[in-house]
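upload.cif follows (mmCIF, C-alpha atoms):
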```cif
data_data
loop_
_atom_site.label_atom_id
_atom_site.label_comp_id
_atom_site.auth_asym_id
_atom_site.auth_seq_id
_atom_site.Cartn_x
_atom_site.Cartn_y
_atom_site.Cartn_z
CA MET A 1 8.79 -11.25 -1.08
CA ALA A 2 6.35 -14.10 -0.60
CA LYS A 3 3.56 -11.80 -1.72
CA THR A 4 4.80 -11.53 -5.27
CA ASP A 5 5.46 -15.24 -5.45
CA ILE A 6 1.82 -15.86 -4.65
CA VAL A 7 0.76 -13.44 -7.37
CA CYS A 8 3.04 -15.18 -9.80
CA ALA A 9 1.90 -18.65 -8.83
CA THR A 10 -1.78 -17.84 -9.17
CA CYS A 11 -1.46 -16.83 -12.79
CA VAL A 12 1.53 -18.79 -14.08
CA GLY A 13 0.92 -22.09 -12.38
CA THR A 14 -2.68 -22.57 -13.42
CA GLY A 15 -2.22 -21.36 -16.96
CA GLN A 16 -5.05 -18.95 -16.31
CA GLY A 17 -5.05 -15.29 -15.55
CA PRO A 18 -3.15 -12.48 -17.15
CA CYS A 19 0.02 -14.39 -17.96
CA ASP A 20 -1.22 -16.48 -20.86
CA GLY A 21 -2.88 -13.78 -22.93
CA LYS A 22 -1.42 -11.69 -25.71
CA GLY A 23 -2.23 -8.22 -26.96
CA VAL A 24 -5.91 -7.41 -26.73
CA GLN A 25 -6.52 -10.34 -24.41
CA THR A 26 -3.80 -9.04 -22.08
CA LEU A 27 -5.47 -5.65 -22.06
CA LYS A 28 -8.86 -7.11 -21.21
CA GLU A 29 -7.43 -9.29 -18.45
CA GLY A 30 -5.75 -6.37 -16.74
CA VAL A 31 -8.64 -3.96 -16.90
CA TRP A 32 -11.55 -6.24 -16.11
CA ILE A 33 -11.16 -10.01 -15.68
CA SER A 34 -8.33 -9.88 -13.17
CA ASN A 35 -8.47 -6.24 -12.20
CA PRO A 36 -5.56 -5.65 -9.80
CA ILE A 37 -7.60 -3.93 -7.13
CA SER A 38 -11.09 -5.33 -7.11
CA ILE A 39 -10.30 -8.95 -8.05
CA GLN A 40 -6.73 -9.51 -6.90
CA ILE A 41 -6.86 -7.04 -3.98
CA LEU A 42 -3.40 -5.64 -4.66
CA GLY A 43 -2.04 -2.16 -4.21
CA ILE A 44 -4.91 -0.92 -2.11
CA CYS A 45 -2.89 1.35 0.20
CA SER A 46 -2.78 4.11 -2.35
CA ALA A 47 -6.25 3.24 -3.65
CA LEU A 48 -7.56 4.22 -0.23
CA ALA A 49 -5.28 7.12 0.53
CA VAL A 50 -5.53 9.34 -2.53
CA THR A 51 -9.16 8.81 -3.55
CA ASN A 52 -10.64 11.58 -1.41
CA ARG A 53 -10.69 13.76 -4.55
CA LEU A 54 -11.23 12.72 -8.16
CA GLU A 55 -8.29 14.79 -9.42
CA ASN A 56 -5.85 13.10 -7.03
CA SER A 57 -7.15 9.71 -8.12
CA LEU A 58 -6.54 10.48 -11.79
CA VAL A 59 -2.99 11.73 -11.20
CA MET A 60 -2.21 8.63 -9.13
CA GLY A 61 -3.67 6.44 -11.88
CA ALA A 62 -1.46 8.19 -14.43
CA ALA A 63 1.55 7.59 -12.18
CA LEU A 64 0.83 3.90 -11.97
CA ILE A 65 0.34 3.58 -15.73
CA PHE A 66 3.65 5.35 -16.37
CA VAL A 67 5.59 3.28 -13.84
CA GLY A 68 3.89 0.04 -14.88
CA VAL A 69 4.61 0.47 -18.59
CA GLY A 70 8.17 1.69 -18.05
CA SER A 71 9.21 -0.90 -15.50
CA ASN A 72 7.59 -3.79 -17.36
CA LEU A 73 9.40 -2.76 -20.55
CA PHE A 74 12.80 -2.63 -18.90
CA VAL A 75 12.35 -5.73 -16.76
CA SER A 76 11.36 -7.57 -19.93
CA LEU A 77 14.28 -6.18 -21.97
CA LEU A 78 16.71 -7.26 -19.27
CA ARG A 79 15.03 -10.58 -18.49
CA ASN A 80 17.65 -12.72 -20.23
CA VAL A 81 20.65 -11.05 -18.62
CA THR A 82 19.28 -10.72 -15.07
CA PRO A 83 20.63 -13.46 -12.76
CA ARG A 84 17.72 -15.25 -11.13
CA ARG A 85 19.00 -14.74 -7.58
CA ILE A 86 19.11 -10.96 -7.71
CA ARG A 87 16.05 -10.39 -9.87
CA MET A 88 14.06 -8.85 -6.99
CA ILE A 89 16.68 -6.18 -6.35
CA ALA A 90 16.93 -5.51 -10.08
CA GLU A 91 13.16 -5.11 -10.33
CA VAL A 92 13.02 -2.78 -7.33
CA ALA A 93 15.82 -0.65 -8.79
CA ILE A 94 14.04 -0.34 -12.15
CA ILE A 95 10.69 0.46 -10.52
CA ALA A 96 12.25 3.00 -8.16
CA THR A 97 13.91 4.74 -11.12
CA PHE A 98 10.57 5.31 -12.81
CA VAL A 99 8.91 6.38 -9.57
CA ILE A 100 11.66 8.95 -9.00
CA LEU A 101 11.23 10.23 -12.58
CA PHE A 102 7.49 10.71 -12.10
CA ASP A 103 7.95 12.26 -8.68
CA GLN A 104 10.50 14.79 -9.95
CA VAL A 105 8.30 15.81 -12.87
CA LEU A 106 5.30 16.16 -10.55
CA LYS A 107 7.34 18.28 -8.13
CA ALA A 108 8.59 20.50 -10.95
CA TYR A 109 5.33 21.14 -12.78
CA TYR A 110 2.53 20.39 -10.31
CA TRP A 111 3.78 21.21 -6.83
CA GLU A 112 0.31 21.48 -5.28
CA MET A 113 -0.60 17.96 -6.34
CA SER A 114 2.79 16.65 -5.25
CA LYS A 115 2.14 18.01 -1.77
CA GLN A 116 -1.35 16.51 -1.64
CA LEU A 117 -0.21 13.06 -2.68
CA GLY A 118 2.58 13.26 -0.10
CA PRO A 119 4.41 9.98 0.43
CA TYR A 120 2.04 7.93 -1.69
CA VAL A 121 3.91 8.58 -4.94
CA GLY A 122 7.07 7.17 -3.37
CA LEU A 123 5.09 4.25 -2.05
CA ILE A 124 4.40 3.07 -5.60
CA ILE A 125 7.75 1.27 -5.18
CA THR A 126 6.20 -1.12 -2.68
CA ASN A 127 2.93 -1.33 -4.62
CA CYS A 128 2.26 -5.02 -5.07
CA ILE A 129 0.70 -4.49 -8.52
CA ILE A 130 3.91 -3.19 -10.06
CA MET A 131 6.12 -5.81 -8.39
CA GLY A 132 3.62 -8.53 -9.21
CA ARG A 133 3.46 -7.65 -12.90
CA ALA A 134 7.23 -7.36 -13.20
CA GLU A 135 7.71 -10.68 -11.45
CA GLY A 136 4.73 -12.54 -12.88
CA PHE A 137 4.57 -11.24 -16.44
CA ALA A 138 7.51 -9.18 -17.66
CA LEU A 139 10.07 -11.79 -16.60
CA GLN A 140 8.52 -14.37 -18.92
CA ASN A 141 7.33 -12.28 -21.84
CA ARG A 142 8.60 -10.18 -24.72
CA PRO A 143 8.98 -6.41 -24.27
CA LEU A 144 6.00 -5.20 -26.32
CA VAL A 145 3.41 -7.47 -24.75
CA SER A 146 4.87 -6.68 -21.33
CA MET A 147 4.29 -2.99 -22.01
CA VAL A 148 0.68 -3.77 -22.91
CA ASP A 149 0.35 -5.71 -19.67
CA GLY A 150 1.73 -2.80 -17.67
CA LEU A 151 -0.67 -0.47 -19.45
CA ALA A 152 -3.62 -2.79 -18.85
CA ASN A 153 -2.98 -3.17 -15.14
CA GLY A 154 -2.33 0.53 -14.80
CA LEU A 155 -5.62 1.26 -16.56
CA GLY A 156 -7.47 -1.23 -14.38
CA TYR A 157 -6.03 0.43 -11.30
CA ALA A 158 -6.75 3.93 -12.60
CA ALA A 159 -10.35 3.00 -13.45
CA VAL A 160 -11.07 1.70 -9.95
CA LEU A 161 -9.42 4.73 -8.39
CA ALA A 162 -11.47 7.04 -10.58
CA VAL A 163 -14.71 5.32 -9.54
CA ILE A 164 -13.87 5.49 -5.83
CA GLY A 165 -12.60 9.06 -6.17
CA PHE A 166 -15.76 10.10 -8.01
CA PHE A 167 -18.11 8.78 -5.35
CA ARG A 168 -16.04 9.93 -2.40
CA GLU A 169 -15.70 13.47 -3.70
CA LEU A 170 -19.35 13.59 -4.80
CA LEU A 171 -20.78 12.30 -1.52
CA GLY A 172 -18.13 13.84 0.71
CA THR A 173 -18.16 17.40 -0.64
CA GLY A 174 -21.04 17.46 -3.12
CA ALA A 175 -18.59 18.49 -5.84
CA ILE A 176 -16.71 17.04 -8.81
CA PHE A 177 -13.24 18.42 -9.65
CA GLY A 178 -14.04 21.10 -7.06
CA HIS A 179 -17.20 22.28 -8.89
CA VAL A 180 -20.33 21.99 -6.79
CA VAL A 181 -22.86 19.73 -8.51
CA LEU A 182 -25.08 18.65 -5.64
CA ASP A 183 -26.89 21.76 -4.46
CA PRO A 184 -26.17 22.37 -0.76
CA SER A 185 -29.80 23.46 -0.31
CA TRP A 186 -30.93 19.82 -0.40
CA TYR A 187 -27.73 17.80 -0.07
CA THR A 188 -25.66 18.04 3.08
CA PRO A 189 -22.15 16.74 2.27
CA ASN A 190 -21.25 13.65 4.25
CA GLN A 191 -17.81 14.56 5.58
CA LEU A 192 -17.18 10.96 6.58
CA MET A 193 -16.69 9.98 2.95
CA VAL A 194 -13.55 12.09 2.54
CA LEU A 195 -12.12 10.87 5.84
CA ALA A 196 -10.43 7.52 6.42
CA PRO A 197 -13.48 5.38 7.34
CA GLY A 198 -15.27 6.40 4.14
CA ALA A 199 -12.34 5.09 2.11
CA PHE A 200 -12.44 1.65 3.70
CA ILE A 201 -16.21 1.34 3.43
CA ALA A 202 -16.32 2.63 -0.17
CA LEU A 203 -13.66 0.12 -1.28
CA GLY A 204 -15.41 -2.69 0.62
CA ILE A 205 -18.67 -1.96 -1.17
CA LEU A 206 -16.90 -1.70 -4.53
CA ILE A 207 -15.28 -5.12 -4.07
CA ALA A 208 -18.64 -6.56 -3.05
CA VAL A 209 -20.25 -5.12 -6.21
CA PHE A 210 -17.50 -6.69 -8.32
CA ASN A 211 -18.08 -10.03 -6.58
CA TRP A 212 -21.80 -9.69 -7.14
CA ILE A 213 -21.43 -8.97 -10.87
CA SER A 214 -18.89 -11.71 -11.50
CA GLY A 215 -20.46 -14.19 -9.08
CA ALA A 216 -16.99 -14.74 -7.63
CA ASN A 217 -18.07 -15.86 -4.18
CA LYS A 218 -20.86 -18.18 -5.28
CA ALA A 219 -18.71 -21.29 -5.41
CA GLU A 220 -17.27 -20.97 -1.93
CA ALA A 221 -20.53 -19.73 -0.43
CA GLU A 222 -21.54 -23.24 0.62
CA GLY A 223 -18.49 -24.12 2.66
CA GLU A 224 -16.52 -21.39 4.35
CA ALA A 225 -17.57 -18.11 5.87
CA PRO A 226 -14.96 -15.28 5.86
CA MET B 1 8.50 20.44 13.91
CA THR B 2 11.07 20.78 16.67
CA GLU B 3 8.60 21.92 19.31
CA ILE B 4 6.55 18.72 19.57
CA SER B 5 7.79 16.34 22.23
CA PRO B 6 8.60 12.79 21.06
CA LEU B 7 6.16 11.45 23.65
CA VAL B 8 3.28 13.30 22.01
CA ILE B 9 4.33 11.92 18.63
CA LEU B 10 4.43 8.43 20.10
CA ILE B 11 0.87 8.67 21.44
CA ALA B 12 -0.41 10.35 18.29
CA ALA B 13 1.18 7.72 16.04
CA ILE B 14 -0.60 4.98 17.98
CA PHE B 15 -4.06 6.52 18.32
CA THR B 16 -4.92 9.66 16.37
CA ASN B 17 -2.66 9.21 13.35
CA ASN B 18 -2.70 5.43 13.26
CA ILE B 19 -0.59 4.41 10.29
CA LEU B 20 -3.07 1.76 9.15
CA LEU B 21 -6.42 3.33 9.99
CA ALA B 22 -5.65 6.96 9.17
CA ASN B 23 -2.84 6.69 6.59
CA PHE B 24 -3.83 3.36 4.98
CA LEU B 25 -0.32 1.96 5.06
CA GLY B 26 0.46 -1.74 5.26
CA MET B 27 -2.88 -2.88 3.89
CA CYS B 28 -1.53 -5.75 1.76
CA SER B 29 0.04 -7.77 4.55
CA PHE B 30 -2.75 -6.61 6.83
CA LEU B 31 -5.40 -8.39 4.77
CA ALA B 32 -3.22 -11.47 4.41
CA VAL B 33 -2.47 -12.05 8.09
CA SER B 34 -5.40 -10.53 9.96
CA LYS B 35 -7.40 -13.75 9.92
CA ARG B 36 -5.84 -15.17 13.11
CA ILE B 37 -4.70 -13.39 16.26
CA ASP B 38 -1.46 -15.33 16.80
CA THR B 39 -0.07 -14.62 13.32
CA ALA B 40 -1.13 -10.99 13.72
CA VAL B 41 0.88 -10.75 16.96
CA GLY B 42 3.94 -12.32 15.27
CA LEU B 43 3.93 -10.00 12.30
CA GLY B 44 3.16 -7.03 14.53
CA ALA B 45 6.22 -7.67 16.68
CA ALA B 46 8.40 -7.90 13.58
CA VAL B 47 6.94 -4.67 12.20
CA ILE B 48 7.53 -2.74 15.45
CA PHE B 49 11.17 -3.84 15.55
CA VAL B 50 11.94 -3.21 11.87
CA MET B 51 10.07 0.10 11.70
CA THR B 52 11.83 1.55 14.76
CA ALA B 53 15.24 0.50 13.50
CA THR B 54 14.78 1.54 9.87
CA THR B 55 13.46 5.02 10.70
CA ALA B 56 16.58 5.56 12.82
CA ILE B 57 18.94 4.27 10.10
CA ASN B 58 17.15 6.13 7.33
CA TYR B 59 17.23 9.34 9.37
CA ALA B 60 20.99 9.06 9.69
CA VAL B 61 21.46 8.16 6.03
CA TYR B 62 19.20 10.97 4.80
CA HIS B 63 20.58 13.77 6.94
CA HIS B 64 24.24 12.75 7.02
CA VAL B 65 24.75 11.28 3.55
CA LEU B 66 22.05 12.32 1.09
CA VAL B 67 21.55 15.95 2.17
CA PRO B 68 25.26 16.91 2.25
CA LEU B 69 25.76 15.31 -1.17
CA GLY B 70 22.64 16.92 -2.64
CA LEU B 71 21.21 13.53 -3.59
CA THR B 72 17.85 13.77 -1.83
CA PHE B 73 16.02 12.75 -5.01
CA LEU B 74 17.56 9.31 -4.55
CA SER B 75 15.92 8.92 -1.15
CA TYR B 76 13.28 6.39 -2.29
CA ILE B 77 15.74 3.96 -3.74
CA VAL B 78 18.14 4.35 -0.81
CA PHE B 79 15.38 3.86 1.76
CA ILE B 80 14.07 0.69 0.16
CA ALA B 81 17.60 -0.66 -0.14
CA VAL B 82 18.26 0.07 3.54
CA ILE B 83 15.01 -1.65 4.52
CA ALA B 84 15.67 -4.71 2.37
CA ALA B 85 19.25 -5.01 3.60
CA PHE B 86 18.21 -4.54 7.23
CA VAL B 87 15.49 -7.19 7.02
CA GLN B 88 17.94 -9.61 5.39
CA PHE B 89 20.52 -8.91 8.07
CA VAL B 90 18.06 -9.38 10.93
CA GLU B 91 16.90 -12.64 9.41
CA MET B 92 20.45 -14.00 9.23
CA PHE B 93 21.23 -12.71 12.71
CA ILE B 94 18.30 -14.28 14.53
CA GLU B 95 18.65 -17.50 12.57
CA ARG B 96 22.21 -17.77 13.91
CA PHE B 97 21.60 -16.70 17.50
CA SER B 98 18.02 -17.50 18.43
CA LEU B 99 16.28 -20.31 16.63
CA GLY B 100 13.16 -19.93 18.76
CA LEU B 101 12.75 -16.32 17.74
CA TYR B 102 13.57 -17.26 14.17
CA HIS B 103 10.72 -19.74 14.04
CA ALA B 104 8.36 -17.21 15.63
CA LEU B 105 9.29 -14.21 13.46
CA GLY B 106 11.25 -15.70 10.57
CA ILE B 107 8.40 -16.35 8.19
CA PHE B 108 7.12 -12.80 8.63
CA LEU B 109 10.37 -11.03 7.87
CA PRO B 110 10.34 -11.38 4.07
CA LEU B 111 6.80 -10.01 4.06
CA ILE B 112 8.06 -6.87 5.73
CA THR B 113 10.25 -5.64 2.88
CA VAL B 114 7.16 -5.21 0.76
CA ASN B 115 5.13 -3.74 3.63
CA CYS B 116 4.49 -0.18 2.59
CA ALA B 117 4.07 0.94 6.21
CA ILE B 118 7.83 0.57 6.75
CA LEU B 119 8.78 2.72 3.76
CA GLY B 120 5.87 5.04 4.53
CA ALA B 121 7.16 5.74 8.04
CA SER B 122 10.52 6.81 6.60
CA LEU B 123 8.84 9.02 3.98
CA PHE B 124 6.57 10.69 6.55
CA MET B 125 9.61 11.34 8.72
CA ILE B 126 11.19 13.33 5.87
CA ILE B 127 8.02 15.15 4.82
CA ARG B 128 7.20 16.20 8.38
CA ARG B 129 10.82 17.21 9.11
CA TYR B 130 11.14 15.23 12.33
CA THR B 131 14.25 15.38 14.49
CA PHE B 132 16.03 12.14 15.34
CA ALA B 133 14.17 11.54 18.62
CA GLN B 134 10.86 12.37 16.97
CA SER B 135 11.63 9.99 14.10
CA VAL B 136 12.38 7.08 16.39
CA ALA B 137 9.27 7.83 18.47
CA PHE B 138 7.22 7.95 15.27
CA GLY B 139 8.71 4.69 13.98
CA PHE B 140 8.03 2.89 17.26
CA GLY B 141 4.57 4.40 17.70
CA GLY B 142 3.66 3.66 14.11
CA GLY B 143 4.64 0.02 14.58
CA VAL B 144 2.67 -0.26 17.82
CA GLY B 145 -0.36 1.42 16.24
CA TRP B 146 -0.24 -0.90 13.23
CA THR B 147 0.03 -3.93 15.52
CA LEU B 148 -2.85 -2.72 17.69
CA ALA B 149 -5.10 -2.25 14.66
CA ILE B 150 -4.22 -5.59 13.09
CA ILE B 151 -4.78 -7.51 16.36
CA LEU B 152 -8.14 -5.84 16.98
CA ILE B 153 -9.30 -6.65 13.48
CA ALA B 154 -7.95 -10.19 13.59
CA GLY B 155 -10.10 -10.69 16.70
CA LEU B 156 -13.16 -9.39 14.89
CA ARG B 157 -12.48 -11.51 11.82
CA GLN B 158 -12.10 -14.64 13.95
CA ARG B 159 -15.55 -14.06 15.40
CA MET B 160 -16.98 -13.32 11.97
CA ARG B 161 -16.53 -16.95 11.05
CA TYR B 162 -19.78 -17.61 12.91
CA SER B 163 -21.82 -14.80 11.38
CA ASP B 164 -23.97 -14.86 8.28
CA VAL B 165 -22.38 -12.34 5.93
CA PRO B 166 -24.11 -11.59 2.58
CA VAL B 167 -22.40 -13.67 -0.12
CA PRO B 168 -20.80 -10.88 -2.24
CA PHE B 169 -19.34 -9.32 0.91
CA ARG B 170 -17.57 -12.47 2.10
CA GLY B 171 -13.81 -12.32 2.43
CA VAL B 172 -12.03 -9.05 1.73
CA ALA B 173 -15.10 -6.86 1.21
CA ILE B 174 -16.46 -7.31 4.72
CA ALA B 175 -12.95 -7.01 6.14
CA MET B 176 -12.70 -3.58 4.51
CA VAL B 177 -16.05 -2.52 5.93
CA ILE B 178 -15.16 -3.54 9.50
CA THR B 179 -11.81 -1.80 9.10
CA GLY B 180 -13.81 1.29 8.19
CA VAL B 181 -15.86 0.93 11.36
CA MET B 182 -12.65 0.49 13.35
CA ALA B 183 -11.23 3.64 11.74
CA MET B 184 -14.38 5.45 12.81
CA ALA B 185 -13.86 4.25 16.37
CA PHE B 186 -10.28 5.51 16.30
CA MET B 187 -11.50 8.93 15.14
CA GLY B 188 -12.90 9.20 18.66
CA PHE B 189 -9.31 9.77 19.83
CA ALA B 190 -8.97 12.75 17.51
CA GLY B 191 -9.36 15.44 20.17
CA MET B 192 -6.58 13.98 22.29
CA VAL B 193 -3.39 15.02 20.49
CA ARG B 194 -2.78 16.27 17.00
CA ILE B 195 0.19 15.95 14.68
CA GLN B 196 0.21 16.82 11.04
#
```
Take the structure I supplied and represent it as structure tokens, if you would.
Amino acid sequence: MAKTDIVCATCVGTGQGPCDGKGVQTLKEGVWISNPISIQILGICSALAVTNRLENSLVMGAALIFVGVGSNLFVSLLRNVTPRRIRMIAEVAIIATFVILFDQVLKAYYWEMSKQLGPYVGLIITNCIIMGRAEGFALQNRPLVSMVDGLANGLGYAAVLAVIGFFRELLGTGAIFGHVVLDPSWYTPNQLMVLAPGAFIALGILIAVFNWISGANKAEAEGEAP
Amino acid sequence: MTEISPLVILIAAIFTNNILLANFLGMCSFLAVSKRIDTAVGLGAAVIFVMTATTAINYAVYHHVLVPLGLTFLSYIVFIAVIAAFVQFVEMFIERFSLGLYHALGIFLPLITVNCAILGASLFMIIRRYTFAQSVAFGFGGGVGWTLAIILIAGLRQRMRYSDVPVPFRGVAIAMVITGVMAMAFMGFAGMVRIQ
């Protein structure tokens, strides 16, 4: 549980980060300024696991948006009646309810995708982004703005997944959504990109690009190496 | 899935289907604690113990409570509750009976509830239709494999303190890249055994 406390402390304690914004600002914070994956490095298990195809990435992004909005709304609605000591259990129960809803719908209408995503839909329950937003934002804020926050973080997550999924499918199979776009006569698909090592390396490069654009590491560059 | 011996599953879970390097589970706590070898060993030991025990408990709960009652759609919420309760119980137990162990493992235990590798092992066990012996072997092997990966990478990251990494890559980005290289190395085991 320490993980979520850290998340909470980083944004609540300093008065910076996603917790102090409202409305449009909240949306911008979640998608870009403190993007859950590339800036806060949260919830990367599924970001690595399902991004071998663009379609999987988009469905997973949709799942996270749905669960994020739903759980933030209900955590926020119940924030004044939830005893402080059992708030974690309450949050997990709410999140798990929405995950089960999404999983059942996926199984009913899109069985193929449900099989491909395997356990990773269920693992949204332990996704630090969802827990972190419930704990760090929805517990302190009104329902509507909490929903926006859930949407923003879901969108930020979905956007990063889509980017990784796009490049991994393109470089790994030479195709997008299963349609071949890079002609096999001159492009030999790099199988490594759809396998596990490609996922780690692609995400590492993406985080580095984010750092490069935002200049995040400049300040610490003098003192400490990794 | 009944024909595969638990021993094969144990070996496969450690090397060819490593839960961290092939299934990407447990990344959050992995990045947090893989900076030093001694903390990596501590968390690894806690993960092995909790993963072995919770796969066994969850197997029993799933096949003897949820399936007969037709409540399998509740499995996620039941599994996470079992894991949280088990971790809490273990924490209280070792605090009472072994203070030394408590100081060694205690601070890692709360981290484990949110470690997706633990829940992931239980979910894989259901999806792959393991028997009880196979499930326990998978839980134990998964824990050992996770620990092996995290210790290897903690060793690399300790050495990296002395190397000149390009500025944007410092921190998590380079850790991801070396994890990718490590995953590539583990793919060398692929011909050994195979589980799906």
Near chain A, which residues of chain B fall within 8 Å when you count only C-alpha atoms, and what do they look like as a VMD selection string?
-> chain B and resid 21 to 28 73 to 74 76 to 77 110 to 111 113 to 116 119 to 120 123 to 124 127 157 160 to 165 167 to 184
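CA of Val24 (chain A) sits 17.0 Å away from CA of Pro36 (chain A).
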Please identify all polymer residues within 12 Å of Ala45 (chain B), counting only C-alpha atoms, omitting same-chain residues fewer than 6 positions from it, and present them as a PyMOL selection string.
-> chain B and resi 38-39+51-52+101+104-106+108-109+112+140+142-148+150-151
What does the file look like for those residues with C-alpha atoms, as an mmCIF file, keeping the file's coordinate frame?
```cif
data_model
loop_
_atom_site.group_PDB
_atom_site.id
_atom_site.type_symbol
_atom_site.label_atom_id
_atom_site.label_comp_id
_atom_site.auth_asym_id
_atom_site.auth_seq_id
_atom_site.Cartn_x
_atom_site.Cartn_y
_atom_site.Cartn_z
ATOM 1 C CA ASP B 38 -1.460 -15.330 16.800
ATOM 2 C CA THR B 39 -0.070 -14.620 13.320
ATOM 3 C CA MET B 51 10.070 0.100 11.700
ATOM 4 C CA THR B 52 11.830 1.550 14.760
ATOM 5 C CA LEU B 101 12.750 -16.320 17.740
ATOM 6 C CA ALA B 104 8.360 -17.210 15.630
ATOM 7 C CA LEU B 105 9.290 -14.210 13.460
ATOM 8 C CA GLY B 106 11.250 -15.700 10.570
ATOM 9 C CA PHE B 108 7.120 -12.800 8.630
ATOM 10 C CA LEU B 109 10.370 -11.030 7.870
ATOM 11 C CA ILE B 112 8.060 -6.870 5.730
ATOM 12 C CA PHE B 140 8.030 2.890 17.260
ATOM 13 C CA GLY B 142 3.660 3.660 14.110
ATOM 14 C CA GLY B 143 4.640 0.020 14.580
ATOM 15 C CA VAL B 144 2.670 -0.260 17.820
ATOM 16 C CA GLY B 145 -0.360 1.420 16.240
ATOM 17 C CA TRP B 146 -0.240 -0.900 13.230
ATOM 18 C CA THR B 147 0.030 -3.930 15.520
ATOM 19 C CA LEU B 148 -2.850 -2.720 17.690
ATOM 20 C CA ILE B 150 -4.220 -5.590 13.090
ATOM 21 C CA ILE B 151 -4.780 -7.510 16.360
#
```
Could you put an axis-aligned box around every listed atom of region 171-178 of chain B, padded by 6 Å on each side, and send me its centre and edge lengths in Å to one decimal, as lines of an AutoDock Vina configuration file?
```
center_x = -14.2
center_y = -7.4
center_z = 5.4
size_x = 16.4
size_y = 21.8
size_z = 20.3
```
Which value, in Å to one decimal, gives the distance between CA of Ile65 (chain A) and CA of Ala117 (chain B)?
-> 22.4 Å
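Residues with any atom within 10 Å of the point (4.6, 10.0, 18.5), counting only C-alpha atoms, are B:Ile4, B:Ser5, B:Pro6, B:Leu7, B:Val8, B:Ile9, B:Leu10, B:Ile11, B:Ala12, B:Ala13, B:Ile14, B:Phe15, B:Thr16, B:Asn17, B:Ala133, B:Gln134, B:Ser135, B:Val136, B:Ala137, B:Phe138, B:Gly139, B:Phe140, B:Gly141, B:Gly142, B:Val193, B:Arg194, B:Ile195.
Interatomic distance, CA of Arg79 (chain A) against CA of Asn153 (chain A): 19.8 Å.
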Explicit residue set for the PyMOL selection byres ((chain A and resi 139-150) around 9), as number ranges by chain = A: 18-19, 22-24, 26-27, 29-30, 64-80, 130, 133-138, 151-155
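Using only C-alpha atoms for every distance, the candidate list B:Ala81, B:Ala53, B:Ile48, B:Val33 yields B:Ala81 as the residue closest to Ala90 (chain A).
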